[in-house]
Each structure stands twice: as structure tokens, then as C-alpha cells.
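Chemist: Below is the file start_29.cif, with mmCIF, C-alpha atoms.
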data_target
loop_
_atom_site.group_PDB
_atom_site.id
_atom_site.type_symbol
_atom_site.label_atom_id
_atom_site.label_comp_id
_atom_site.auth_asym_id
_atom_site.auth_seq_id
_atom_site.Cartn_x
_atom_site.Cartn_y
_atom_site.Cartn_z
ATOM 1 C CA GLU N 172 31.434 5.734 46.905
ATOM 2 C CA ASP N 173 27.842 4.729 47.750
ATOM 3 C CA VAL N 174 28.854 1.122 48.393
ATOM 4 C CA GLY N 175 32.251 1.875 49.907
ATOM 5 C CA VAL N 176 34.381 0.638 47.006
ATOM 6 C CA THR N 177 37.341 2.669 45.863
ATOM 7 C CA THR N 178 38.362 3.268 42.271
ATOM 8 C CA ALA N 179 41.573 1.349 42.946
ATOM 9 C CA ALA N 180 39.608 -1.678 44.182
ATOM 10 C CA LEU N 181 37.428 -1.643 41.058
ATOM 11 C CA THR N 182 40.476 -1.384 38.840
ATOM 12 C CA ARG N 183 42.165 -4.301 40.622
ATOM 13 C CA HIS N 184 39.025 -6.457 40.255
ATOM 14 C CA PHE N 185 38.446 -5.645 36.572
ATOM 15 C CA ASP N 186 42.119 -5.154 35.547
ATOM 16 C CA ASN N 187 41.372 -1.798 33.877
ATOM 17 C CA LYS N 188 38.606 0.598 32.821
ATOM 18 C CA GLU N 189 37.924 -1.440 29.678
ATOM 19 C CA GLY N 190 37.369 -4.547 31.840
ATOM 20 C CA LEU N 191 34.899 -2.660 34.024
ATOM 21 C CA LEU N 192 33.111 -1.342 30.951
ATOM 22 C CA GLN N 193 32.931 -4.850 29.483
ATOM 23 C CA ALA N 194 31.458 -6.173 32.758
ATOM 24 C CA VAL N 195 28.793 -3.430 32.764
ATOM 25 C CA LEU N 196 27.871 -4.157 29.137
ATOM 26 C CA ASP N 197 27.786 -7.931 29.671
ATOM 27 C CA HIS N 198 25.572 -7.531 32.745
ATOM 28 C CA TRP N 199 23.234 -5.173 30.898
ATOM 29 C CA GLU N 200 22.934 -7.592 27.960
ATOM 30 C CA ARG N 201 22.100 -10.507 30.277
ATOM 31 C CA ASP N 202 19.399 -8.390 31.932
ATOM 32 C CA ASN N 203 18.049 -7.419 28.509
ATOM 33 C CA ASP N 204 17.949 -11.027 27.312
ATOM 34 C CA CYS N 205 15.760 -12.018 30.274
ATOM 35 C CA TYR N 206 13.085 -9.559 29.129
ATOM 36 C CA PHE N 207 12.343 -11.786 26.132
ATOM 37 C CA ASP N 208 12.193 -15.143 27.938
ATOM 38 C CA GLY N 209 9.362 -17.239 26.525
ATOM 39 C CA ALA N 210 8.806 -15.055 23.457
ATOM 40 C CA HIS N 211 8.218 -16.829 20.145
ATOM 41 C CA GLY N 212 7.870 -15.485 16.626
ATOM 42 C CA LEU N 213 6.297 -12.049 16.394
ATOM 43 C CA GLU N 214 5.820 -11.910 20.177
ATOM 44 C CA TYR N 215 9.514 -11.035 20.444
ATOM 45 C CA PHE N 216 9.039 -7.994 18.197
ATOM 46 C CA ARG N 217 5.824 -6.960 19.925
ATOM 47 C CA ARG N 218 7.730 -6.741 23.208
ATOM 48 C CA LEU N 219 10.236 -4.246 21.795
ATOM 49 C CA PRO N 220 8.172 -1.058 22.450
ATOM 50 C CA ASN N 221 7.874 -1.914 26.151
ATOM 51 C CA PHE N 222 11.567 -2.766 26.109
ATOM 52 C CA ILE N 223 12.196 0.807 24.939
ATOM 53 C CA VAL N 224 10.055 2.044 27.841
ATOM 54 C CA LEU N 225 12.301 0.018 30.149
ATOM 55 C CA HIS N 226 15.341 1.678 28.546
ATOM 56 C CA THR N 227 13.945 5.121 29.374
ATOM 57 C CA THR N 228 14.387 4.276 33.069
ATOM 58 C CA GLU N 229 18.170 4.029 32.499
ATOM 59 C CA PRO N 230 19.004 6.674 29.886
ATOM 60 C CA GLY N 231 22.698 6.517 30.773
ATOM 61 C CA LEU N 232 22.911 2.948 29.499
ATOM 62 C CA ILE N 233 21.289 3.832 26.170
ATOM 63 C CA GLU N 234 23.608 6.815 25.862
ATOM 64 C CA LEU N 235 26.573 4.551 26.625
ATOM 65 C CA LEU N 236 25.471 1.976 24.057
ATOM 66 C CA LEU N 237 24.901 4.500 21.282
ATOM 67 C CA THR N 238 28.117 6.397 22.079
ATOM 68 C CA LEU N 239 30.181 3.210 22.127
ATOM 69 C CA ALA N 240 28.615 1.940 18.915
ATOM 70 C CA THR N 241 29.435 5.212 17.182
ATOM 71 C CA GLU N 242 32.964 5.491 18.545
ATOM 72 C CA ALA N 243 33.618 1.813 17.776
ATOM 73 C CA THR N 244 33.375 2.539 14.058
ATOM 74 C CA ASN N 245 37.066 3.377 14.514
ATOM 75 C CA PRO N 246 38.882 0.040 14.063
ATOM 76 C CA GLN N 247 41.310 1.000 16.856
ATOM 77 C CA HIS N 248 38.596 1.635 19.465
ATOM 78 C CA PRO N 249 38.778 -0.755 22.452
ATOM 79 C CA ALA N 250 35.027 -1.524 22.166
ATOM 80 C CA ARG N 251 35.199 -2.293 18.421
ATOM 81 C CA LYS N 252 35.073 -6.080 18.828
ATOM 82 C CA TRP N 253 32.223 -5.861 21.327
ATOM 83 C CA ALA N 254 30.159 -3.516 19.117
ATOM 84 C CA VAL N 255 30.630 -5.594 15.960
ATOM 85 C CA GLU N 256 29.731 -8.798 17.822
ATOM 86 C CA ARG N 257 26.745 -7.165 19.531
ATOM 87 C CA TYR N 258 25.228 -5.970 16.276
ATOM 88 C CA LYS N 259 25.846 -9.349 14.644
ATOM 89 C CA ARG N 260 24.120 -11.107 17.563
ATOM 90 C CA THR N 261 21.244 -8.614 17.454
ATOM 91 C CA VAL N 262 20.694 -8.960 13.704
ATOM 92 C CA ASP N 263 20.962 -12.751 13.960
ATOM 93 C CA LEU N 264 18.439 -12.734 16.803
ATOM 94 C CA GLY N 265 15.958 -10.776 14.691
ATOM 95 C CA ILE N 266 16.485 -13.203 11.813
ATOM 96 C CA SER N 267 15.886 -16.208 14.060
ATOM 97 C CA TYR N 268 12.612 -14.749 15.401
ATOM 98 C CA LEU N 269 11.483 -13.931 11.854
ATOM 99 C CA LYS N 270 12.224 -17.511 10.785
ATOM 100 C CA GLU N 271 10.287 -18.766 13.793
ATOM 101 C CA ALA N 272 7.387 -16.436 12.909
ATOM 102 C CA TYR N 273 7.366 -17.951 9.417
ATOM 103 C CA GLU N 274 7.297 -21.486 10.861
ATOM 104 C CA MET N 275 4.359 -20.416 13.049
ATOM 105 C CA GLY N 276 2.512 -19.065 10.013
ATOM 106 C CA GLU N 277 2.694 -15.444 11.226
ATOM 107 C CA VAL N 278 4.697 -14.004 8.326
ATOM 108 C CA LEU N 279 5.379 -14.654 4.658
ATOM 109 C CA ALA N 280 8.498 -16.449 3.484
ATOM 110 C CA MET N 281 11.615 -14.345 3.018
ATOM 111 C CA ASP N 282 14.949 -15.331 1.571
ATOM 112 C CA ASP N 283 18.104 -14.963 3.665
ATOM 113 C CA HIS N 284 18.943 -11.564 2.200
ATOM 114 C CA GLN N 285 15.450 -10.205 2.920
ATOM 115 C CA LEU N 286 15.595 -11.560 6.473
ATOM 116 C CA GLU N 287 18.881 -9.772 7.091
ATOM 117 C CA MET N 288 17.690 -6.505 5.545
ATOM 118 C CA GLU N 289 14.466 -6.516 7.603
ATOM 119 C CA SER N 290 16.326 -7.270 10.824
ATOM 120 C CA ARG N 291 18.978 -4.592 10.201
ATOM 121 C CA ALA N 292 16.351 -1.995 9.291
ATOM 122 C CA LEU N 293 14.245 -2.702 12.373
ATOM 123 C CA TYR N 294 17.167 -2.290 14.781
ATOM 124 C CA ALA N 295 18.356 0.808 12.923
ATOM 125 C CA VAL N 296 14.927 2.346 13.512
ATOM 126 C CA MET N 297 15.025 1.298 17.167
ATOM 127 C CA ASP N 298 18.474 2.804 17.741
ATOM 128 C CA GLY N 299 17.568 5.954 15.829
ATOM 129 C CA VAL N 300 14.383 6.492 17.817
ATOM 130 C CA GLN N 301 16.273 6.059 21.080
ATOM 131 C CA LEU N 302 18.915 8.538 19.916
ATOM 132 C CA GLN N 303 16.186 11.050 19.098
ATOM 133 C CA TRP N 304 14.703 10.494 22.568
ATOM 134 C CA LEU N 305 18.073 11.232 24.183
ATOM 135 C CA LEU N 306 18.132 14.507 22.257
ATOM 136 C CA ASP N 307 14.456 15.302 22.984
ATOM 137 C CA PRO N 308 13.265 13.575 26.182
ATOM 138 C CA ALA N 309 9.764 15.023 25.685
ATOM 139 C CA MET N 310 9.097 12.651 22.774
ATOM 140 C CA ASP N 311 7.629 9.196 23.393
ATOM 141 C CA PRO N 312 10.148 6.773 21.881
ATOM 142 C CA ALA N 313 7.946 3.716 22.397
ATOM 143 C CA GLU N 314 5.058 5.335 20.509
ATOM 144 C CA VAL N 315 7.277 6.372 17.601
ATOM 145 C CA PHE N 316 8.917 2.948 17.428
ATOM 146 C CA GLU N 317 5.615 1.093 17.768
ATOM 147 C CA SER N 318 4.154 2.961 14.779
ATOM 148 C CA GLN N 319 7.102 1.839 12.662
ATOM 149 C CA LEU N 320 7.071 -1.673 14.085
ATOM 150 C CA SER N 321 3.439 -2.094 13.014
ATOM 151 C CA THR N 322 4.487 -1.156 9.467
ATOM 152 C CA PHE N 323 7.213 -3.807 9.565
ATOM 153 C CA ILE N 324 4.869 -6.474 10.924
ATOM 154 C CA ASP N 325 2.142 -5.632 8.385
ATOM 155 C CA ARG N 326 4.673 -5.969 5.561
ATOM 156 C CA TRP N 327 6.041 -9.230 6.945
ATOM 157 C CA ALA N 328 2.530 -10.645 7.237
ATOM 158 C CA GLY N 329 1.714 -9.629 3.662
ATOM 159 C CA GLN N 330 -0.671 -6.854 4.619
ATOM 160 C CA GLY N 331 1.497 -4.121 3.133
ATOM 161 C CA ARG N 332 3.133 -3.720 -0.230
ATOM 162 C CA ARG N 333 6.362 -5.704 -0.311
ATOM 163 C CA ARG N 334 9.245 -4.507 -2.414
ATOM 164 C CA VAL N 335 12.105 -6.852 -3.132
ATOM 165 C CA VAL N 336 15.438 -5.293 -2.216
ATOM 166 C CA GLY N 337 17.120 -3.982 -5.354
ATOM 167 C CA SER N 338 13.912 -3.682 -7.359
ATOM 168 C CA LYS N 339 12.357 -0.419 -8.448
ATOM 169 C CA PRO N 340 9.241 0.710 -6.601
ATOM 170 C CA ALA N 341 5.973 0.355 -8.473
ATOM 171 C CA PRO N 342 4.859 3.543 -10.197
ATOM 172 C CA PRO N 343 1.921 5.335 -8.581
ATOM 173 C CA GLU N 344 -1.524 4.531 -9.947
ATOM 174 C CA LYS N 345 -2.840 6.901 -12.609
ATOM 175 C CA GLY N 346 -4.625 9.867 -11.160
ATOM 176 C CA ARG N 347 -3.029 9.415 -7.717
ATOM 177 C CA GLY N 348 -0.205 11.607 -6.500
ATOM 178 C CA ARG N 349 2.554 10.467 -4.247
#
The structure in this file should be written as C-alpha cells.

Modeler:
Amino acid sequence: EDVGVTTAALTRHFDNKEGLLQAVLDHWERDNDCYFDGAHGLEYFRRLPNFIVLHTTEPGLIELLLTLATEATNPQHPARKWAVERYKRTVDLGISYLKEAYEMGEVLAMDDHQLEMESRALYAVMDGVQLQWLLDPAMDPAEVFESQLSTFIDRWAGQGRRRVVGSKPAPPEKGRGR
């Protein structure tokens, strides 16, 4: 209404509501990608907290993303293909920046499985923090995420205790409680 376009005109241009939704999501992803132009290695990850701050200016888009991702767990959902591909691209992006960080000497070597697990875990934390923010707008999602991101980066750089996926955690030292 604000720009003088009718619902019928939008539907004709995008074929249907799913086409309009896809156009919104594609546009949003292109805008998001630009935020990381020029980032290399760990710089990409260090930009993520401010990226979350940017997301707080458009809470409807985060709500849309998280709602679609959840609903798309149904194989029949029209956004299923988009959601699966988006998460694959996102995880692969994290892996590529971790590999680059290794090549730059910023992090320790990780095998392919570790790279995937670290990338998946990081984005799970990011999505979870943003979901919590939608439920409680008084919290600072960037601060919460940044505290967890620093734990990830410390572990990647060898400054924290690393546990190989599938191994048992080391027992606590004698005389020290958990």
C-alpha cells in the first residue's frame, strides 16, 4: 500500500506467495553476504556479533527465518529445499573460513568432521541466541553470542581444552569439583 502496489500486481510479478517469499529471502541473503565482504579467516567470525546487532534492526526477518527453518523440517513444506540449501551453504561457509584461518595460522588443524561439527555448533548457538532474543527483547543477543564465540575461537586457536568428537571428556583433576 505504501508504494502503491496491489496484492494482485505482486502476485502477477512473483507468480505466487511462495515466489514472493523466495524473492524476499534471496534479497535478504544477498544483503547479508555483503556484510562480510573482505573478511578473511577469523575476521569473518569476529564480525558475527555486529551482524546480530544488524539483525535486531529487522526482527521480522529473523522471525521469518527461524519460523521457516522450523516449519521446513516437514518434507512437504514449500520452503524445505530453500532451508536445507541455506543451512548447507551456511555450514560450508563456516568451514571455508575455518580452513582459511588455519592457512593464515590463526587456528589449529582440524579434520573435516571437526570442521563440520564446529561450524554447525556455532550457527546453532547463533540461531538459538536470536530465538531467545525474539522471546525476550530485553536481552543483548550480541553480548550473549560474543561470549560463546570467544570460547569457540579460544578452542580453535588451542587456548582452550579441545575434545575430539566421540571421545570421553577428561576426568576432573583430583581435589577439584566440577

Chemist: Find the distance between CA of Phe222 (chain N) and CA of Glu271 (chain N) and write it in Å to one decimal.

Modeler: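 Rounded to one decimal, the two atoms are 20.2 Å apart.
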
Chemist: Can you work out which one of N:Val278, N:Val174, N:Leu232, N:Ala179 has the shortest atom-to-atom distance to His198 (chain N), counting all atoms listed in the file?

Modeler: N:Leu232

Chemist: Please, what distance in Å, to one decimal, runs between CA of Asp208 (chain N) and CA of Leu264 (chain N)?

Modeler: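 Between these atoms lies a distance of 13.0 Å.
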
Chemist: For Thr322 (chain N), which residue out of N:Met288, N:Leu293, N:Ile223, N:Leu306 is the nearest one, using only C-alpha atoms?

Modeler: N:Leu293

Chemist: Return as an MDAnalysis selection string the set of residues that the PyMOL selection byres ((chain N and resi 303) around 12) yields on the displayed structure.

Modeler: chainID N and resid 230 233:234 237 296:302 304:313 315:316

Chemist: Those selected residues, please, written with C-alpha atoms and delivered as an mmCIF file, in the coordinates of the input.

Modeler:
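Generated file (out_26.cif):
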data_model
loop_
_atom_site.group_PDB
_atom_site.id
_atom_site.type_symbol
_atom_site.label_atom_id
_atom_site.label_comp_id
_atom_site.auth_asym_id
_atom_site.auth_seq_id
_atom_site.Cartn_x
_atom_site.Cartn_y
_atom_site.Cartn_z
ATOM 1 C CA PRO N 230 19.004 6.674 29.886
ATOM 2 C CA ILE N 233 21.289 3.832 26.170
ATOM 3 C CA GLU N 234 23.608 6.815 25.862
ATOM 4 C CA LEU N 237 24.901 4.500 21.282
ATOM 5 C CA VAL N 296 14.927 2.346 13.512
ATOM 6 C CA MET N 297 15.025 1.298 17.167
ATOM 7 C CA ASP N 298 18.474 2.804 17.741
ATOM 8 C CA GLY N 299 17.568 5.954 15.829
ATOM 9 C CA VAL N 300 14.383 6.492 17.817
ATOM 10 C CA GLN N 301 16.273 6.059 21.080
ATOM 11 C CA LEU N 302 18.915 8.538 19.916
ATOM 12 C CA TRP N 304 14.703 10.494 22.568
ATOM 13 C CA LEU N 305 18.073 11.232 24.183
ATOM 14 C CA LEU N 306 18.132 14.507 22.257
ATOM 15 C CA ASP N 307 14.456 15.302 22.984
ATOM 16 C CA PRO N 308 13.265 13.575 26.182
ATOM 17 C CA ALA N 309 9.764 15.023 25.685
ATOM 18 C CA MET N 310 9.097 12.651 22.774
ATOM 19 C CA ASP N 311 7.629 9.196 23.393
ATOM 20 C CA PRO N 312 10.148 6.773 21.881
ATOM 21 C CA ALA N 313 7.946 3.716 22.397
ATOM 22 C CA VAL N 315 7.277 6.372 17.601
ATOM 23 C CA PHE N 316 8.917 2.948 17.428
#

Chemist: Some atoms are absent from region 249-274 of chain N, so rebuild N, CA and C atoms and return them as an mmCIF file, in the coordinates of the input.

Modeler:
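Writing the result to result-v7.cif gives the following:
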data_model
loop_
_atom_site.group_PDB
_atom_site.id
_atom_site.type_symbol
_atom_site.label_atom_id
_atom_site.label_comp_id
_atom_site.auth_asym_id
_atom_site.auth_seq_id
_atom_site.Cartn_x
_atom_site.Cartn_y
_atom_site.Cartn_z
ATOM 1 N N PRO N 249 38.769 0.449 21.617
ATOM 2 C CA PRO N 249 38.778 -0.755 22.452
ATOM 3 C C PRO N 249 37.444 -1.509 22.479
ATOM 4 N N ALA N 250 36.332 -0.846 22.162
ATOM 5 C CA ALA N 250 35.027 -1.524 22.166
ATOM 6 C C ALA N 250 34.629 -2.019 20.777
ATOM 7 N N ARG N 251 35.526 -1.907 19.807
ATOM 8 C CA ARG N 251 35.199 -2.293 18.421
ATOM 9 C C ARG N 251 34.694 -3.737 18.346
ATOM 10 N N LYS N 252 35.449 -4.660 18.903
ATOM 11 C CA LYS N 252 35.073 -6.080 18.828
ATOM 12 C C LYS N 252 33.706 -6.300 19.471
ATOM 13 N N TRP N 253 33.503 -5.712 20.638
ATOM 14 C CA TRP N 253 32.223 -5.861 21.327
ATOM 15 C C TRP N 253 31.080 -5.322 20.473
ATOM 16 N N ALA N 254 31.232 -4.139 19.897
ATOM 17 C CA ALA N 254 30.159 -3.516 19.117
ATOM 18 C C ALA N 254 29.836 -4.339 17.877
ATOM 19 N N VAL N 255 30.852 -4.787 17.164
ATOM 20 C CA VAL N 255 30.630 -5.594 15.960
ATOM 21 C C VAL N 255 29.904 -6.885 16.332
ATOM 22 N N GLU N 256 30.366 -7.542 17.388
ATOM 23 C CA GLU N 256 29.731 -8.798 17.822
ATOM 24 C C GLU N 256 28.314 -8.562 18.321
ATOM 25 N N ARG N 257 28.081 -7.464 19.016
ATOM 26 C CA ARG N 257 26.745 -7.165 19.531
ATOM 27 C C ARG N 257 25.759 -6.976 18.394
ATOM 28 N N TYR N 258 26.141 -6.192 17.395
ATOM 29 C CA TYR N 258 25.228 -5.970 16.276
ATOM 30 C C TYR N 258 25.016 -7.250 15.468
ATOM 31 N N LYS N 259 26.036 -8.067 15.337
ATOM 32 C CA LYS N 259 25.846 -9.349 14.644
ATOM 33 C C LYS N 259 24.865 -10.220 15.417
ATOM 34 N N ARG N 260 25.046 -10.315 16.741
ATOM 35 C CA ARG N 260 24.120 -11.107 17.563
ATOM 36 C C ARG N 260 22.700 -10.557 17.465
ATOM 37 N N THR N 261 22.567 -9.239 17.501
ATOM 38 C CA THR N 261 21.244 -8.614 17.454
ATOM 39 C C THR N 261 20.558 -8.890 16.125
ATOM 40 N N VAL N 262 21.264 -8.691 15.028
ATOM 41 C CA VAL N 262 20.694 -8.960 13.704
ATOM 42 C C VAL N 262 20.336 -10.440 13.581
ATOM 43 N N ASP N 263 21.233 -11.315 14.021
ATOM 44 C CA ASP N 263 20.962 -12.751 13.960
ATOM 45 C C ASP N 263 19.751 -13.135 14.810
ATOM 46 N N LEU N 264 19.595 -12.472 15.947
ATOM 47 C CA LEU N 264 18.439 -12.734 16.803
ATOM 48 C C LEU N 264 17.150 -12.367 16.080
ATOM 49 N N GLY N 265 17.128 -11.191 15.457
ATOM 50 C CA GLY N 265 15.958 -10.776 14.691
ATOM 51 C C GLY N 265 15.644 -11.764 13.583
ATOM 52 N N ILE N 266 16.670 -12.227 12.885
ATOM 53 C CA ILE N 266 16.485 -13.203 11.813
ATOM 54 C C ILE N 266 15.882 -14.486 12.370
ATOM 55 N N SER N 267 16.395 -14.942 13.502
ATOM 56 C CA SER N 267 15.886 -16.208 14.060
ATOM 57 C C SER N 267 14.416 -16.080 14.470
ATOM 58 N N TYR N 268 14.023 -14.933 15.038
ATOM 59 C CA TYR N 268 12.612 -14.749 15.401
ATOM 60 C C TYR N 268 11.731 -14.606 14.162
ATOM 61 N N LEU N 269 12.256 -13.999 13.098
ATOM 62 C CA LEU N 269 11.483 -13.931 11.854
ATOM 63 C C LEU N 269 11.304 -15.320 11.250
ATOM 64 N N LYS N 270 12.340 -16.136 11.277
ATOM 65 C CA LYS N 270 12.224 -17.511 10.785
ATOM 66 C C LYS N 270 11.201 -18.287 11.609
ATOM 67 N N GLU N 271 11.248 -18.100 12.921
ATOM 68 C CA GLU N 271 10.287 -18.766 13.793
ATOM 69 C C GLU N 271 8.863 -18.288 13.491
ATOM 70 N N ALA N 272 8.706 -16.985 13.247
ATOM 71 C CA ALA N 272 7.387 -16.436 12.909
ATOM 72 C C ALA N 272 6.873 -17.056 11.612
ATOM 73 N N TYR N 273 7.765 -17.294 10.660
ATOM 74 C CA TYR N 273 7.366 -17.951 9.417
ATOM 75 C C TYR N 273 6.889 -19.377 9.714
ATOM 76 N N GLU N 274 7.662 -20.110 10.512
ATOM 77 C CA GLU N 274 7.297 -21.486 10.861
ATOM 78 C C GLU N 274 5.960 -21.543 11.596
#
